[in-house]
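Taking it in order: structure first as structure tokens, then the write-up.
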Amino acid sequence: MTRDPCDKCEEILQEFLDRTLTNEEWAEAESHLVGCDYCRRRYRFEETLRRYVKTSAVERMPAGLMDKLNELRGLDATA
């Protein structure tokens, strides 16, 4: 069964926004976004939402929270 390109694009959209895709995945997603109005609108919405959240968050992170988040993600907070 062939996979719907929009399903694939939706699956990797967050990684596309995070810029964590491989070069091949990036090219595939970018190519799809150029030709698909629906996915392009979804991308723009997610991008706008991220910017809004980033600029509207005025509350500072509690001390030690970033270290805890990095620990949960498996990153060494002291590196």
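Here's how to read the names in the structure tokens: chain A, B, ... by the order shown, residue numbers from 1 in each chain, ligand numbers from 1 in the order shown.
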
| query | Taking the backbone alone, and naming residues the way the document does, which bits of chain A are alpha helix (DSSP H) by DSSP, as a PyMOL selection string? | reply | chain A and resi 5-18+23-35+37-56+65-73

Atom CA of Asn70 of chain A to atom CA of Glu47 of chain A measures 23.5 Å

Across A:Cys9, A:Arg19, A:Tyr52, A:Gln14, the smallest distance to Leu33 of chain A, with only C-alpha atoms counted, is shown by A:Cys9

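From atom CA of Glu46 of chain A back to atom CA of Leu72 of chain A, the distance works out to 24.7 Å.
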